[in-house]
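Chemist: So here's upload_39.txt (compact mmCIF, C-alpha atoms).
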# COMPACT_ATOMS: atom_id res chain seq x y z
CA MET A 565 80.28 164.58 120.57
CA ILE A 566 77.33 166.90 119.93
CA ILE A 567 73.98 165.77 118.53
CA SER A 568 74.53 167.35 115.10
CA ASP A 569 77.75 165.40 114.56
CA TYR A 570 76.06 162.20 115.70
CA LEU A 571 73.18 162.64 113.23
CA ALA A 572 75.61 163.49 110.42
CA GLN A 573 77.65 160.33 111.03
CA ALA A 574 74.50 158.18 111.12
CA ASP A 575 73.27 159.67 107.84
CA ALA A 576 76.69 159.18 106.21
CA LEU A 577 76.79 155.51 107.23
CA ALA A 578 73.30 154.91 105.79
CA GLN A 579 74.31 156.49 102.49
CA ASP A 580 77.56 154.49 102.31
CA CYS A 581 75.69 151.20 102.88
CA ARG A 582 73.15 151.97 100.17
CA ALA A 583 75.91 153.00 97.77
CA LEU A 584 77.81 149.76 98.44
CA LEU A 585 74.81 147.54 97.73
CA ASP A 586 73.73 149.57 94.68
CA GLY A 587 77.24 149.34 93.23
CA LEU A 588 77.63 145.54 93.41
CA GLU A 589 77.67 143.50 90.22
CA PRO A 590 74.29 141.92 89.33
CA GLY A 591 75.68 138.40 89.73
CA THR A 592 77.11 138.95 93.24
CA ARG A 593 76.00 136.26 95.70
CA LEU A 594 73.99 137.34 98.71
CA ASP A 595 76.53 135.94 101.19
CA VAL A 596 79.32 137.94 99.50
CA ALA A 597 77.23 141.10 99.68
CA LYS A 598 76.55 140.54 103.37
CA GLY A 599 80.26 140.07 104.05
CA GLN A 600 81.19 143.34 102.34
CA LEU A 601 78.36 145.18 104.08
CA ASN A 602 79.42 143.90 107.52
CA ALA A 603 83.01 144.97 106.88
CA LEU A 604 81.78 148.48 106.10
CA LYS A 605 79.24 149.03 108.86
CA ASP A 606 80.07 146.96 111.93
CA GLN A 607 82.76 149.11 113.53
CA ARG A 608 81.04 152.39 112.67
CA LEU A 609 77.72 151.10 113.98
CA GLU A 610 79.34 149.98 117.26
CA ALA A 611 80.98 153.41 117.62
CA LEU A 612 77.64 155.16 117.20
CA GLN A 613 76.02 152.88 119.76
CA ALA A 614 78.82 153.58 122.25
CA ALA A 615 78.52 157.33 121.60
CA LEU A 616 74.90 157.35 122.77
CA ARG A 617 76.10 157.24 126.37
CA MET A 618 78.37 160.25 125.82
CA LEU A 619 75.62 162.59 124.62
CA PRO A 620 73.78 164.97 126.95
CA ALA A 621 70.66 163.47 128.48
CA GLU A 622 68.32 165.78 126.54
CA ASP A 623 69.80 164.60 123.16
CA ARG A 624 69.82 160.85 123.77
CA ARG A 625 66.18 160.35 122.75
CA THR A 626 66.78 162.02 119.38
CA ALA A 627 70.02 160.14 118.86
CA GLY A 628 68.43 156.79 119.80
CA THR A 629 65.63 157.33 117.30
CA ALA A 630 68.20 158.12 114.60
CA PHE A 631 70.25 155.04 115.52
CA ASN A 632 67.23 152.73 115.19
CA ALA A 633 66.28 154.37 111.89
CA LEU A 634 69.86 153.79 110.66
CA LYS A 635 69.67 150.04 111.39
CA SER A 636 66.27 149.81 109.68
CA SER A 637 67.64 151.66 106.65
CA ILE A 638 70.59 149.27 106.33
CA GLN A 639 68.31 146.22 106.61
CA ASP A 640 65.91 147.66 104.03
CA ALA A 641 68.79 148.22 101.63
CA LEU A 642 69.98 144.62 102.13
CA ASP A 643 66.44 143.26 101.64
CA GLY A 644 66.17 145.22 98.43
CA PHE A 645 69.44 143.75 97.16
CA ALA A 646 68.28 140.21 98.04
CA ALA A 647 65.02 140.81 96.16
CA ARG A 648 66.96 141.92 93.07
CA VAL A 649 69.13 138.81 93.24
CA ALA A 650 66.05 136.57 93.55
CA ALA A 651 64.36 138.32 90.62
CA GLN A 652 67.43 137.83 88.42
CA GLY A 653 67.52 134.14 89.28
CA ALA A 654 63.81 133.69 88.56
CA GLY A 655 64.17 135.35 85.20
CA ALA A 656 67.17 133.28 84.02
CA PRO A 657 66.46 131.40 80.79
CA PHE A 658 66.02 127.64 81.03
CA ASP A 659 68.36 125.65 78.80
CA GLY A 660 66.53 122.42 77.97
CA SER A 661 69.58 121.03 76.15
CA MET A 662 71.69 120.76 79.31
CA PRO A 663 72.11 117.17 80.56
CA ALA A 664 70.33 116.36 83.80
CA ARG A 665 72.28 115.89 86.99
CA LEU A 666 71.67 112.32 88.05
CA PRO A 667 71.06 111.83 91.77
CA TRP A 668 73.91 110.34 93.79
CA ARG A 669 73.15 106.84 94.93
CA GLY A 670 75.17 105.06 97.57
CA SER A 671 76.12 101.39 97.42
CA LEU A 672 77.92 98.75 99.43
CA HIS A 673 81.63 98.26 98.79
CA PRO A 674 82.49 95.19 96.67
CA VAL A 675 84.31 93.60 99.63
CA THR A 676 81.23 94.14 101.79
CA LEU A 677 79.08 92.58 99.07
CA VAL A 678 81.33 89.51 99.08
CA ILE A 679 81.23 89.23 102.89
CA ASP A 680 77.44 89.46 102.91
CA GLU A 681 77.14 86.81 100.20
CA ILE A 682 79.52 84.42 101.99
CA CYS A 683 77.68 84.91 105.30
CA ASP A 684 74.36 84.17 103.58
CA ILE A 685 75.74 80.93 102.14
CA PHE A 686 77.14 79.71 105.47
CA ARG A 687 73.97 80.67 107.34
CA GLU A 688 72.15 78.22 105.11
CA LEU A 689 74.74 75.63 106.12
CA GLY A 690 73.99 76.14 109.82
CA PHE A 691 76.57 78.78 110.79
CA THR A 692 76.01 81.94 112.85
CA VAL A 693 78.10 85.11 112.84
CA ALA A 694 80.38 85.83 115.83
CA LEU A 695 82.40 89.00 116.47
CA GLY A 696 85.31 89.90 118.72
CA PRO A 697 87.56 92.85 119.69
CA GLU A 698 90.14 94.21 117.24
CA ALA A 699 92.60 94.93 120.09
CA GLU A 700 93.59 91.57 121.53
CA THR A 701 95.89 90.16 124.16
CA GLU A 702 98.93 88.22 123.08
CA TRP A 703 97.48 85.03 124.57
CA TYR A 704 94.26 85.14 122.54
CA ASN A 705 96.04 86.14 119.34
CA PHE A 706 98.97 83.72 119.61
CA GLY A 707 99.21 81.61 122.76
CA ALA A 708 95.76 80.03 122.64
CA LEU A 709 96.25 79.30 118.94
CA ASN A 710 99.32 77.11 119.45
CA PHE A 711 101.90 79.63 118.22
CA PRO A 712 105.34 78.75 119.59
CA PRO A 713 106.88 81.45 121.83
CA ASP A 714 109.63 82.16 119.27
CA HIS A 715 107.28 82.51 116.27
CA PRO A 716 108.27 85.52 114.05
CA ALA A 717 104.71 86.91 114.09
CA MET A 718 105.09 87.61 117.82
CA GLU A 719 107.96 90.06 117.23
CA LEU A 720 107.41 93.82 117.37
CA HIS A 721 108.72 94.32 113.84
CA ASP A 722 106.13 91.89 112.44
CA THR A 723 103.03 92.79 114.47
CA LEU A 724 101.41 96.08 115.53
CA TYR A 725 101.65 96.13 119.33
CA LEU A 726 99.70 98.62 121.43
CA GLY A 727 101.48 97.72 124.67
CA ASP A 728 103.46 94.99 126.35
CA ASP A 729 100.66 92.43 125.99
CA THR A 730 98.14 94.16 123.71
CA LEU A 731 98.18 94.24 119.93
CA LEU A 732 95.97 94.78 116.93
CA ARG A 733 94.79 91.29 116.05
CA THR A 734 96.56 89.72 113.08
CA HIS A 735 93.63 87.41 112.30
CA THR A 736 90.07 86.77 113.47
CA SER A 737 91.05 83.40 114.96
CA PRO A 738 90.82 84.74 118.55
CA VAL A 739 87.06 84.90 117.98
CA GLN A 740 87.10 81.11 117.65
CA VAL A 741 88.72 80.72 121.08
CA ARG A 742 86.38 83.26 122.69
CA THR A 743 83.37 81.48 121.18
CA LEU A 744 84.48 78.07 122.47
CA GLN A 745 85.01 79.56 125.93
CA ARG A 746 81.50 80.96 125.91
CA PHE A 747 79.49 78.19 124.27
CA ALA A 748 79.77 74.44 124.61
CA PRO A 749 79.94 72.35 121.41
CA PRO A 750 78.36 71.81 118.98
CA VAL A 751 79.55 75.16 117.58
CA ARG A 752 79.39 76.48 114.02
CA VAL A 753 80.38 80.13 113.68
CA LEU A 754 81.58 82.53 111.02
CA ALA A 755 83.87 85.36 112.19
CA PRO A 756 84.26 88.34 109.84
CA GLY A 757 86.29 91.36 110.92
CA GLN A 758 89.16 93.77 110.36
CA VAL A 759 92.71 92.57 110.99
CA TYR A 760 96.08 94.32 110.94
CA ARG A 761 99.56 93.26 109.85
CA ARG A 762 102.80 95.04 109.13
CA ASP A 763 102.67 94.21 105.42
CA PHE A 764 103.73 96.44 102.57
CA PHE A 765 100.83 97.93 100.61
CA ASP A 766 101.27 96.36 97.19
CA ALA A 767 99.22 94.64 94.50
CA THR A 768 98.41 91.63 96.69
CA HIS A 769 98.83 92.84 100.31
CA ALA A 770 97.37 95.51 102.59
CA PRO A 771 98.31 96.42 106.18
CA ALA A 772 94.64 96.51 107.25
CA PHE A 773 92.05 94.28 105.65
CA MET A 774 88.93 92.25 106.27
CA GLN A 775 89.23 88.56 107.10
CA LEU A 776 86.57 85.91 107.43
CA GLU A 777 87.02 82.65 109.35
CA GLY A 778 84.79 79.72 110.06
CA LEU A 779 84.79 77.13 112.84
CA ALA A 780 82.86 73.90 113.35
CA VAL A 781 83.35 71.81 116.51
CA ASP A 782 81.33 68.73 117.42
CA GLU A 783 81.68 65.05 118.18
CA GLY A 784 82.86 63.02 115.21
CA VAL A 785 83.72 65.97 112.94
CA SER A 786 86.30 64.95 110.31
CA PHE A 787 88.25 66.30 107.36
CA VAL A 788 85.55 64.87 105.11
CA ASP A 789 83.07 67.35 106.62
CA LEU A 790 85.50 70.19 106.00
CA LYS A 791 85.98 69.28 102.33
CA ALA A 792 82.29 68.76 101.72
CA THR A 793 81.29 72.07 103.33
CA LEU A 794 83.92 74.18 101.59
CA ALA A 795 83.26 72.52 98.22
CA GLU A 796 79.57 73.32 98.63
CA PHE A 797 80.45 76.92 99.45
CA ALA A 798 82.59 77.21 96.30
CA ARG A 799 79.83 75.67 94.19
CA ARG A 800 77.30 78.20 95.45
CA PHE A 801 79.64 81.19 95.27
CA TYR A 802 81.42 80.59 91.97
CA GLY A 803 78.94 78.32 90.19
CA ALA A 804 78.17 74.61 90.00
CA THR A 805 80.73 73.98 87.23
CA ARG A 806 83.73 75.32 89.18
CA ARG A 807 86.29 72.75 90.24
CA VAL A 808 88.08 72.83 93.62
CA ARG A 809 91.14 71.11 94.93
CA PHE A 810 92.88 70.77 98.29
CA GLY A 811 96.63 70.74 98.93
CA PRO A 812 98.74 70.46 102.08
CA SER A 813 99.64 73.62 103.98
CA TYR A 814 100.81 74.58 107.47
CA PHE A 815 99.19 76.72 110.14
CA PRO A 816 100.06 76.41 113.85
CA PHE A 817 96.42 76.15 114.91
CA VAL A 818 95.38 73.25 112.63
CA GLU A 819 96.66 69.72 112.10
CA PRO A 820 96.53 68.64 109.36
CA GLY A 821 96.42 71.91 107.40
CA ALA A 822 95.39 72.52 103.81
CA GLN A 823 94.68 75.18 101.27
CA MET A 824 91.73 75.21 98.89
CA ASP A 825 92.09 76.32 95.29
CA VAL A 826 89.26 77.18 92.92
CA GLU A 827 89.46 77.20 89.16
CA VAL A 828 88.47 80.76 88.17
CA ASP A 829 89.09 83.26 85.40
CA PRO A 830 90.75 86.37 86.94
CA GLY A 831 89.77 88.40 83.88
CA ASP A 832 93.28 89.05 82.56
CA GLY A 833 92.71 87.30 79.25
CA LYS A 834 94.54 84.10 80.18
CA GLY A 835 91.45 82.04 80.94
CA LEU A 836 90.75 79.65 83.81
CA ARG A 837 93.43 78.84 86.35
CA TRP A 838 93.79 77.57 89.90
CA VAL A 839 93.60 80.35 92.50
CA GLU A 840 94.07 79.82 96.24
CA ILE A 841 91.12 81.34 98.11
CA LEU A 842 91.48 80.05 101.68
CA GLY A 843 93.47 78.05 104.21
CA CYS A 844 91.86 75.38 106.37
CA GLY A 845 92.42 72.29 108.47
CA MET A 846 91.41 70.29 111.51
CA VAL A 847 91.57 72.34 114.72
CA HIS A 848 94.72 71.47 116.66
CA PRO A 849 94.00 69.67 119.98
CA ASN A 850 96.06 72.30 121.82
CA VAL A 851 93.67 75.00 120.61
CA LEU A 852 90.66 73.05 121.84
CA GLU A 853 92.29 72.45 125.23
CA ALA A 854 93.27 76.14 125.55
CA ALA A 855 89.61 77.06 125.02
CA GLY A 856 88.49 74.55 127.65
CA VAL A 857 87.15 71.92 125.22
CA ASP A 858 87.87 68.23 125.72
CA SER A 859 89.98 67.32 122.66
CA GLU A 860 89.45 63.59 123.34
CA ARG A 861 85.71 63.96 122.90
CA PHE A 862 85.37 66.80 120.37
CA THR A 863 87.05 67.53 117.07
CA GLY A 864 86.66 70.48 114.77
CA TRP A 865 87.74 72.14 111.57
CA ALA A 866 88.37 75.75 110.66
CA PHE A 867 89.12 77.90 107.64
CA GLY A 868 90.14 81.48 106.95
CA MET A 869 89.93 83.66 103.86
CA GLY A 870 90.49 87.25 102.78
CA PRO A 871 87.25 88.67 101.28
CA ALA A 872 89.29 91.22 99.32
CA ARG A 873 91.11 88.37 97.55
CA ILE A 874 87.76 86.71 96.92
CA ALA A 875 86.43 89.99 95.48
CA MET A 876 89.46 90.18 93.20
CA SER A 877 88.78 86.73 91.76
CA ARG A 878 85.03 87.40 91.56
CA TYR A 879 85.23 90.78 89.79
CA GLY A 880 88.46 90.38 87.80
CA VAL A 881 90.53 92.89 89.81
CA ASN A 882 94.30 92.44 89.45
CA ASP A 883 95.51 94.97 92.06
CA ILE A 884 94.13 94.88 95.60
CA ARG A 885 94.92 98.58 96.03
CA THR A 886 92.09 99.36 93.61
CA LEU A 887 89.65 98.23 96.30
CA TYR A 888 91.02 100.84 98.75
CA ASP A 889 91.34 103.87 96.42
CA SER A 890 87.71 105.03 96.88
CA ASP A 891 87.57 105.82 93.16
CA VAL A 892 83.87 106.31 92.42
CA ARG A 893 84.41 105.48 88.74
CA PHE A 894 85.49 102.00 89.81
CA LEU A 895 83.07 101.49 92.69
CA GLU A 896 79.96 102.55 90.76
CA GLN A 897 80.28 99.38 88.68
CA PHE A 898 79.05 97.42 91.68
CA VAL A 899 75.97 99.53 92.48
CA ARG A 900 72.93 97.31 92.90
Could you render the structure as structure tokens?
Modeler:
Amino acid sequence: MIISDYLAQADALAQDCRALLDGLEPGTRLDVAKGQLNALKDQRLEALQAALRMLPAEDRRTAGTAFNALKSSIQDALDGFAARVAAQGAGAPFDGSMPARLPWRGSLHPVTLVIDEICDIFRELGFTVALGPEAETEWYNFGALNFPPDHPAMELHDTLYLGDDTLLRTHTSPVQVRTLQRFAPPVRVLAPGQVYRRDFFDATHAPAFMQLEGLAVDEGVSFVDLKATLAEFARRFYGATRRVRFGPSYFPFVEPGAQMDVEVDPGDGKGLRWVEILGCGMVHPNVLEAAGVDSERFTGWAFGMGPARIAMSRYGVNDIRTLYDSDVRFLEQFVR
């Protein structure tokens, strides 16, 4: 390449870049303009830079000056286009009749609100919060909780196993055992956390959900203490006029076992009715012994509830899937 050809190509590229930017529509965004400009100039600019080394030594100074002037010309043309875009935006008429865009405001999920409220109530009753791992061993999840070896929940088709002896916990009850192993009675803990089960996702079930359990172990603890504590919780959570009732139920880790119903209005137009909100009972002696607690000296009671079910009865939600849809139109009702 000779110097005259080099200067002609540089001048042609500068003119093409200015023509491109001058020919863009007034409303073209700056990033779009830059993309089109780069597509036009990049390869040609690289070729001119590479050609500098091919020129005779006496012409390289002239060519280098022209190359630098070319880059400055392209940048000046782009700056001029950006200034025109900014001027058009500054001169746009203001429409005072347009509605304002309200700022986005985050909020806690309704299930989280329920968990926080329940924890606050039980803290006032002398409980502390305890947490545990979501991936558990089979012994902590089943064996220490008095599940018989042939219990259906221990089968692969009923529980989400991660390995031969590791699974995603099906309840937060292992936290009770871990707490008793770590701390000597008296113990009063509340264990909220995520649990996993191979359930179908329908109006009343979810395969992954929050659970909240409570445990009280001390000398002389009886079923009377359980009923009094849970009735006080229901009074504070649902209101002083709400009635509660207890009925028999079965869980491997308690004896005797019970369920607690609360008279609530689910919001479906049918008025008050009895709704089961939790299972409970006296801690089975085998569970205490597995945790290293003397079952002849200490007794205890425990309960477990699903905060999502509690949120459904609190807020009049008939389908649990609504709580997992992340629909802002639904969730914004609970913004505080």
Chemist: Go ahead and find all residues with at least one atom no further than 6 Å from (94.8, 88.7, 107.5) in the file's coordinates, using only C-alpha atoms; report them as a list in words.
Modeler: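 Result, sorted by chain then residue number: Thr734, His735, Val759 and Gln775 of chain A.
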Chemist: Which is closer to Tyr704 of chain A than all the others in A:Ala854, A:Ala641, A:Ala792, A:Ala804, using only C-alpha atoms?
Modeler: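 Using only C-alpha atoms, the shortest distance to Tyr704 of chain A belongs to A:Ala854.
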Chemist: Counting only C-alpha atoms, figure out which residue out of A:Gly660, A:Pro713, A:Pro749, A:Gly644 gets nearest to Val857 of chain A.
Modeler: A:Pro749
Chemist: Tell me, in Å to one decimal, how far atom CA of Phe773 of chain A is from atom CA of Arg807 of chain A.
Modeler: 27.1 Å
Chemist: Give me, as an MDAnalysis selection string, all polymer residues having an atom no more than 10 Å from Gln600 of chain A, counting all atoms listed in the file and skipping those fewer than 4 positions away in the same chain.
Modeler: chainID A and resid 581 584:585 588 595:596 604:605
Chemist: Output the selection as a PDB file, in the coordinates of the input - C-alpha atoms for each residue.
Modeler:
ATOM      1  CA  CYS A 581      75.690 151.200 102.880  1.00  0.00           C
ATOM      2  CA  LEU A 584      77.810 149.760  98.440  1.00  0.00           C
ATOM      3  CA  LEU A 585      74.810 147.540  97.730  1.00  0.00           C
ATOM      4  CA  LEU A 588      77.630 145.540  93.410  1.00  0.00           C
ATOM      5  CA  ASP A 595      76.530 135.940 101.190  1.00  0.00           C
ATOM      6  CA  VAL A 596      79.320 137.940  99.500  1.00  0.00           C
ATOM      7  CA  LEU A 604      81.780 148.480 106.100  1.00  0.00           C
ATOM      8  CA  LYS A 605      79.240 149.030 108.860  1.00  0.00           C
TER       9      LYS A 605
END
Chemist: Interatomic distance between atom CA of Ala576 of chain A and atom CA of Asn602 of chain A?
Modeler: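 Going from atom CA of Ala576 of chain A over to atom CA of Asn602 of chain A, I get 15.6 Å.
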Chemist: When you count only C-alpha atoms, which of these residues is closest to Cys683 of chain A: A:Arg806, A:Tyr570, A:Pro716, A:Gly778?
Modeler: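 Smallest distance to Cys683 of chain A is found for A:Gly778.
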Chemist: What is the distance between atom CA of Leu794 of chain A and atom CA of Ala748 of chain A, in Å to one decimal?
Modeler: 23.4 Å
Chemist: I want to know what sits within 8 Å of Val751 of chain A, based on all atoms listed in the file, with residues of the same chain fewer than 6 positions away left out; could you give that as a list in words?
Modeler: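 Listing them by chain and then by number gives Leu744, Leu779, Ala780, Val781 and Asp782 of chain A.
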Chemist: Restricting the calculation to all atoms listed in the file, which member of A:Phe867, A:Ala872, A:Arg837, A:Gln573 is positioned closest to Ala627 of chain A?
Modeler: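 Using all atoms listed in the file, the shortest distance to Ala627 of chain A belongs to A:Gln573.
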Chemist: Might you pull out every residue within 8 Å of Thr692 of chain A, with all atoms listed in the file counted and same-chain residues fewer than 6 positions away left off, and present them as a ChimeraX atom specification?
Modeler: /A:686,752-754
Chemist: Smallest atom-to-atom distance to Phe862 of chain A: which of A:Leu731, A:Val649, A:Met846, A:Ala664, using all atoms listed in the file?
Modeler: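 When distances to Phe862 of chain A are compared using all atoms listed in the file, the smallest one comes from A:Met846.
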Chemist: Between A:Ala822, A:Val828, A:Leu842, A:Met869, which has the minimum distance to Thr805 of chain A (counting all atoms listed in the file)?
Modeler: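 Distance minimum relative to Thr805 of chain A lands on A:Val828.
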Chemist: Tell me, as a list in words, which residues lie within 7 Å of Val739 of chain A, counting only C-alpha atoms; anything in the same chain fewer than 4 positions away does not count.
Modeler: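 Listing them by chain and then by number gives Leu695, Gly696, Thr743 and Ala755 of chain A.
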Chemist: If we count only C-alpha atoms and set the cut-off at 12 Å, which residues sit around Gln758 of chain A, ignoring sequence neighbours fewer than 2 positions away in its own chain? Please answer as a VMD selection string.
Modeler: chain A and resid 675 to 676 679 695 to 699 732 to 737 739 755 to 756 760 to 761 770 to 777 870 to 872
